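What follows is a single structure, written as structure tokens, with notes after it.
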Amino acid sequence: MLSHVDDSLIRMSRTELDWFADRPEWLRDLHDSRALDERGVTWLDQNGSVEAAAELRSGYAGEDSLTGPPDDERLRAFTVEAEGKIPVAVGPSVTDLHGLPAIAYWLAEPGPAGRLWLAPSRDFHPFSWMPLGTGESAIAAVEHHYPSPGLTRVDLTRELRVFIGYRHEIGDMRDLERAMTFNRMLDFGAWCSGHLDDPWPKTLPEGTGMLAMSAFQSDTASIHDPGRPWSQSWRTKHSGSHFTLEVHQRDLFVLSVRYRPSPHLEAMERSNAHNETRLPLDLPPDVACAMDGFVWADVPDLEADLAAAGNPAEIAGLLRVLAALWDGDFDKLTGLRRWAAHPSHVVHAALWDAALQYNLQFLCDELLLTGTSEQLTDMCARVQRMGGFPEQMRHRDAFPGQTGTEPYDEDDEEEDE
Amino acid sequence: MTIASSHWRRVLRAGAPATPLHDLAAAEGWPRIADEPRRHHDSRRLSWSAGAAVQVHLLEFYPHALRTVVITGEEPGGPVATALDTLLDHRTVDEIFADATAAEPRRILAGLYALTELGAATAGDPRLPTTLTRALEHPEFVVRAAALRTAPAFQAWPGLRDAIEARRPLETELAELIEEMLSFLDEEAEG
């Protein structure tokens with residue numbers, strides 16, 4: 001079932017809200033001011049409201065899902081979250097790479113204490129709907145989200161990094177890419193580490209076929225930078241955040257989200273409470289929705305584990321994961337130096353891997369100066385004799401069959417044979 | 001603007017945060033104009049526009065654990081440099097040379113690596129030949145290796161090739177690296 005709230009409804013003449021029982025005064029004023037109308041919002045009649053509520057429920061709970069029957073748990077959650085929130089308007093919409101719109105839904109709570117809520121699309125989780133207070137904050141919210149911002153890396157000043165698992169546990173990048181295809185918060189065009197920003201156009205030119213898309217994907221979007229961790233990125237449809245999966249040390253998957261701080265702190269509080277997570281409150285709510293289905297460990301938890309760990313193997317395992325999460329955090333990564341004084345060669349081996357992966361020459365120096373195991377000393381010395389670490393970021397086996405990547409050196413080819 | 005070794009630059013002390021620079025940029029309303037992640041052999045770079053032609057860059061070079069702040073487009077003694085000189089916890093050139101000629105290997109490494117960041121600021125410094133020669137002859141393998149690896153940063157010293165050449169008959173552990181550096185310097189000299 002596609003959205004009932006289509007263009008024909010949007011083009012209808014302006015609808016009054018007389019049907020809304022116990023309509024709060026601020027909603028009357030907002031409706032009368034036409035401020036939202038000017039920004040692409042269309043008010044609903046009572047039938048439209050009922051249909052919109054049904055669409056929101058099916059969008060979240062999967063009543064029209066391609067992948068299976070409705071999810072009872074989600075239906076229950078929707079019922080709880082949507083209680084007392086009545087759809088009053090729809091629009092504007094954001095469009096994805098293919099030009100398909102995701103229309104916004106506006107809901108109001110009756111009574112003098114009621115507030116306005118924004119569900120940026122029917123796929124948005126109800127506990128991530130954004131409470132907007134009354135009046136002007138609603139207008140600001142429209143201006144913040146529509147059109148969806150064409151943000152670049154420079155605009156995305158915050159980063160969230162979480163560890164999502166080992167490759168031997170959760171599969172390779174192809175498996176994750178397949179899963180991301182069904183992630184309704186992410187746009188379709190993916191890109192690899194050769195691009196700092198999304199190389200795809202905001203919307204494909206009309207008539208662009210699959211062949212043209214595939215050619216762009218392989219010739220341009222799939223280019224990797226051998227000097228950076230292998231990665232695949234998507235932009236979120238609503239906030240324009242960069243949602244990136246990175247492969248570290250041939251085995252660790254890190255989810256990195258670069259984002260512009262969002263003002264919708266209460267939406268994230270509700271999302272965190274529902275999901276029992278502690279994502280940053282300034283994280284855009286669509287990112288929290290996009291992370292649905294992921295299981296992750298965050299830096300504070302892992303750092304606490306490291307502080308409490310006594311077993312060298314446990315310390316080593318944590319250092320490997322934390323080194324991946326700290327990539328890009330200068331103070332944290334350079335702080336690895338102090339672990340060189342640990343007496344266990346198991347810990348030294350983890351440091352060695354980090355030095356190799358992230359070209360931490362200072363750590364190699366420290367391992368040599370502290371006198372590690374004979375084998376590690378030999379390896380460190382060999383690196384010194386070679387003049388430093390080669391680029392070790394390429395992990396072809398994490399991207400099986402992917403075309404358009406950087407060329408591989410002869411050693412890789414020989415290994416394949 | 002391309003960052004050159006001749007531009008105003010300060011190497012921050014180990015462990016010194018970049019927070020004062022971030023705070024100044026926020027207070028002055030400097031727009032951020034670049035944010036490039038670390039590459040295997042390249043620094044992470046954050047850049048701000050601090051005026052019509054003035055840019056401020058924070059470079060984080062992970063291999064050597066060094067933070068450097070560079071200003072481009074400002075005359076010497078300009079207001080941005082003056083402000084940053086006061087705010088940043090940086091190492092002076094004298095301190096860096098003192099480290100590079102110290103006895104303790106870790107201090108020498110910290111000094112050598114910082115000298116590579118200073119570039120043109122130390123090219124004609126009379127302390128440079130002695131510093132590099134001592135590092136090349138140091139009994140600690142790690143120090144000698146670091147001196148050889150960083151040699152390309154000190155090509156402005158005319159005696160560099162001879163100093164490395166003099167180590168050729170004496171150095172067994174790092175013979176391969178010596179040959180590599182001599183070849184590199186010869187190729188550079190030939191243009």
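So you can find residues: chains in the structure tokens are A, B, ... in the order shown, residues in each start at 1, and ligands are numbered from 1 in order.
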* Counting only C-alpha atoms, chain B residues within 6 Å of chain A, as a ChimeraX atom specification -> /B:34-35,39-40,63-65,149,174,177
* For Pro285 (chain A), work out the shell of residues within 8 Å, counting only C-alpha atoms and skipping chain neighbours fewer than 5 positions away, then give it as a PyMOL selection string. => chain A and resi 128-129+264+267-268+271
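Those residues that approach region 243-257 of chain A to within 6 Å, counting only C-alpha atoms, are Glu159, Leu160, Arg161, Val162, Phe163, Ile164, Gly165, Tyr166, Arg167, Trp230, Ser231, Gln232, Ser233, Trp234 and Arg235 of chain A; same-chain residues fewer than 5 positions away are not listed.
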* To do: Find the residues near Pro139 (chain B): any atom within 12 Å, counting only C-alpha atoms, skip ones fewer than 4 places away on the same chain, and give them as a PyMOL selection string.
  => chain B and resi 103-105+134-135+143-145+170-171+173
Please produce a file of those selected residues containing C-alpha atoms, as a CSV table (one decimal), in the first residue's frame.
chain,number,residue,atom,x,y,z
B,103,ALA,CA,70.6,12.0,26.4
B,104,GLU,CA,67.3,10.2,26.9
B,105,PRO,CA,66.1,8.5,23.7
B,134,ARG,CA,74.4,13.1,17.1
B,135,ALA,CA,71.1,11.3,16.4
B,143,VAL,CA,67.1,7.0,17.6
B,144,ARG,CA,69.4,6.2,14.7
B,145,ALA,CA,66.4,4.8,12.7
B,170,LEU,CA,79.5,1.7,10.4
B,171,GLU,CA,75.9,0.8,10.3
B,173,GLU,CA,71.3,-2.9,11.3
* **Contacts of region 79-86 of chain B within 8 Å, only C-alpha atoms, excl. fewer than 3 positions in-chain, as JSON, numbers by chain** => {"B": [8, 21, 50, 71, 74, 76, 90]}
* Using only C-alpha atoms, which residues sit within 7 Å of Glu55 (chain A) once same-chain residues fewer than 3 positions away are excluded, as a ChimeraX atom specification? -> /A:3,51-52,58-59,122
With N, CA, C and O atoms retained, write the just-selected residues as a compact mmCIF listing (two decimals), in the first residue's frame.
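See out_28.txt below for the written result:
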# COMPACT_ATOMS: atom_id res chain seq x y z
N SER A 3 1.32 5.49 0.02
CA SER A 3 0.70 6.54 0.82
C SER A 3 -0.61 7.03 0.22
O SER A 3 -0.69 7.33 -0.97
N GLU A 51 -6.77 8.27 8.08
CA GLU A 51 -5.91 7.57 7.13
C GLU A 51 -4.43 7.79 7.47
O GLU A 51 -3.61 6.86 7.39
N ALA A 52 -4.12 9.00 7.85
CA ALA A 52 -2.72 9.30 8.20
C ALA A 52 -2.27 8.48 9.41
O ALA A 52 -1.15 7.95 9.45
N SER A 58 1.18 1.54 10.04
CA SER A 58 1.69 0.49 9.16
C SER A 58 3.14 0.77 8.76
O SER A 58 3.93 -0.15 8.58
N GLY A 59 3.48 2.04 8.67
CA GLY A 59 4.88 2.37 8.31
C GLY A 59 5.86 1.89 9.35
O GLY A 59 6.93 1.38 9.02
N ARG A 122 6.48 8.29 7.50
CA ARG A 122 5.68 7.21 8.10
C ARG A 122 6.58 6.10 8.65
O ARG A 122 6.13 5.28 9.43
* **Every residue of region 37-172 of chain B that DSSP places in strand (DSSP E or B), as an NGL selection string** => :B and (44-49 or 55-61 or 66-72 or 90-91)
Write the selection just made, keeping N, CA, C and O atoms, as a CSV table (one decimal), in the first residue's frame?
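Saved result, again13.csv, follows:
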chain,number,residue,atom,x,y,z
B,44,ARG,N,45.7,14.7,10.0
B,44,ARG,CA,44.3,15.2,10.1
B,44,ARG,C,44.4,16.7,10.0
B,44,ARG,O,45.3,17.3,10.7
B,45,ARG,N,43.5,17.3,9.3
B,45,ARG,CA,43.6,18.8,9.1
B,45,ARG,C,42.2,19.4,9.4
B,45,ARG,O,41.2,19.0,8.7
B,46,LEU,N,42.2,20.3,10.3
B,46,LEU,CA,41.0,21.2,10.5
B,46,LEU,C,41.4,22.6,10.2
B,46,LEU,O,42.5,23.0,10.6
B,47,SER,N,40.6,23.3,9.4
B,47,SER,CA,41.0,24.6,9.0
B,47,SER,C,39.8,25.6,9.2
B,47,SER,O,38.7,25.2,9.0
B,48,TRP,N,40.2,26.8,9.6
B,48,TRP,CA,39.2,27.9,9.8
B,48,TRP,C,39.7,29.1,8.9
B,48,TRP,O,40.9,29.3,8.7
B,49,SER,N,38.7,29.9,8.5
B,49,SER,CA,39.0,31.1,7.9
B,49,SER,C,39.0,32.2,8.9
B,49,SER,O,38.0,32.4,9.6
B,55,GLN,N,44.1,32.0,7.1
B,55,GLN,CA,43.6,30.7,7.5
B,55,GLN,C,44.4,30.1,8.7
B,55,GLN,O,45.6,30.3,8.7
B,56,VAL,N,43.7,29.5,9.5
B,56,VAL,CA,44.4,28.8,10.6
B,56,VAL,C,44.1,27.3,10.5
B,56,VAL,O,43.0,26.9,10.2
B,57,HIS,N,45.2,26.5,10.6
B,57,HIS,CA,45.1,25.1,10.4
B,57,HIS,C,45.6,24.3,11.7
B,57,HIS,O,46.6,24.6,12.2
B,58,LEU,N,44.8,23.3,12.1
B,58,LEU,CA,45.3,22.4,13.1
B,58,LEU,C,45.6,21.1,12.4
B,58,LEU,O,44.8,20.5,11.8
B,59,LEU,N,46.9,20.7,12.6
B,59,LEU,CA,47.4,19.5,12.0
B,59,LEU,C,47.7,18.5,13.1
B,59,LEU,O,48.4,18.8,14.0
B,60,GLU,N,47.1,17.3,12.9
B,60,GLU,CA,47.4,16.2,13.9
B,60,GLU,C,48.1,15.1,13.1
B,60,GLU,O,47.5,14.4,12.3
B,61,PHE,N,49.4,14.9,13.4
B,61,PHE,CA,50.2,13.9,12.7
B,61,PHE,C,50.3,12.7,13.6
B,61,PHE,O,51.1,12.7,14.6
B,66,LEU,N,52.0,14.3,17.1
B,66,LEU,CA,52.3,15.7,17.1
B,66,LEU,C,51.1,16.6,16.6
B,66,LEU,O,50.5,16.2,15.6
B,67,ARG,N,50.8,17.6,17.4
B,67,ARG,CA,49.8,18.6,17.0
B,67,ARG,C,50.5,19.8,16.6
B,67,ARG,O,51.4,20.3,17.4
B,68,THR,N,50.2,20.4,15.5
B,68,THR,CA,50.9,21.6,15.0
B,68,THR,C,49.8,22.6,14.5
B,68,THR,O,48.8,22.2,13.9
B,69,VAL,N,50.0,23.9,14.9
B,69,VAL,CA,49.1,24.9,14.4
B,69,VAL,C,49.8,25.8,13.4
B,69,VAL,O,51.0,26.2,13.7
B,70,VAL,N,49.2,26.0,12.3
B,70,VAL,CA,49.8,26.8,11.2
B,70,VAL,C,48.9,27.9,10.8
B,70,VAL,O,47.7,27.8,10.8
B,71,ILE,N,49.5,29.1,10.5
B,71,ILE,CA,48.7,30.2,10.0
B,71,ILE,C,49.2,30.5,8.6
B,71,ILE,O,50.5,30.6,8.4
B,72,THR,N,48.3,30.7,7.7
B,72,THR,CA,48.7,31.1,6.3
B,72,THR,C,48.0,32.4,6.0
B,72,THR,O,46.9,32.7,6.5
B,90,HIS,N,52.7,25.7,23.6
B,90,HIS,CA,53.5,25.1,22.5
B,90,HIS,C,55.0,25.1,23.0
B,90,HIS,O,55.4,25.7,24.0
B,91,ARG,N,55.8,24.3,22.2
B,91,ARG,CA,57.2,24.2,22.5
B,91,ARG,C,58.0,25.2,21.7
B,91,ARG,O,57.7,25.4,20.5
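Counting only C-alpha atoms, the residue from B:Tyr62, B:Glu187, B:Ile178, B:Glu137 that sits nearest to Asp42 (chain B) is B:Tyr62.
Nearest residue to Ala123 (chain B) among B:Leu148, B:Leu185, B:Ala18, B:Ser5 is B:Ser5, counting only C-alpha atoms.
From CA of Thr370 (chain A) back to CA of Asp305 (chain A), the distance works out to 25.1 Å.
Closest approach to Gly78 (chain B) from the set B:Ala26, B:Ala189, B:Gly51, B:Leu109 is made by B:Gly51, with distances taken over only C-alpha atoms.
Minimum atom-to-atom distances from A:Pro24, A:Met185, A:Phe127, A:Leu151 to Gly111 (chain A) were compared using only C-alpha atoms, and the lowest value belongs to A:Pro24.
Checking A:Met379, A:Ala290, A:Val94, A:Val142 one by one against Phe182 (chain A), counting only C-alpha atoms, you find the shortest gap at A:Ala290.
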* Skip Ala349 (chain A) itself and residues of its chain fewer than 5 positions away, then list as a ChimeraX atom specification all residues within 10 Å of it, counting only C-alpha atoms. => /A:316,320,340,344,354-355,367,372-373,375-376
* To do: Mind listing the alpha helix (DSSP H) residues of region 211-275 of chain A, per DSSP on the backbone, as a VMD selection string?
  => chain A and resid 211 to 216 265 to 275
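When CA of Leu36 (chain A) is paired with CA of Ala138 (chain A), their separation reads 8.0 Å.
Across B:Asp89, B:Glu117, B:Asp125, B:Glu28, the tightest approach to Ser43 (chain B) is made by B:Glu117 when counting only C-alpha atoms.
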* To do: Between CA of Tyr105 (chain A) and CA of Asp72 (chain A), measure the distance and give it in Å to one decimal.
  => 22.8 Å
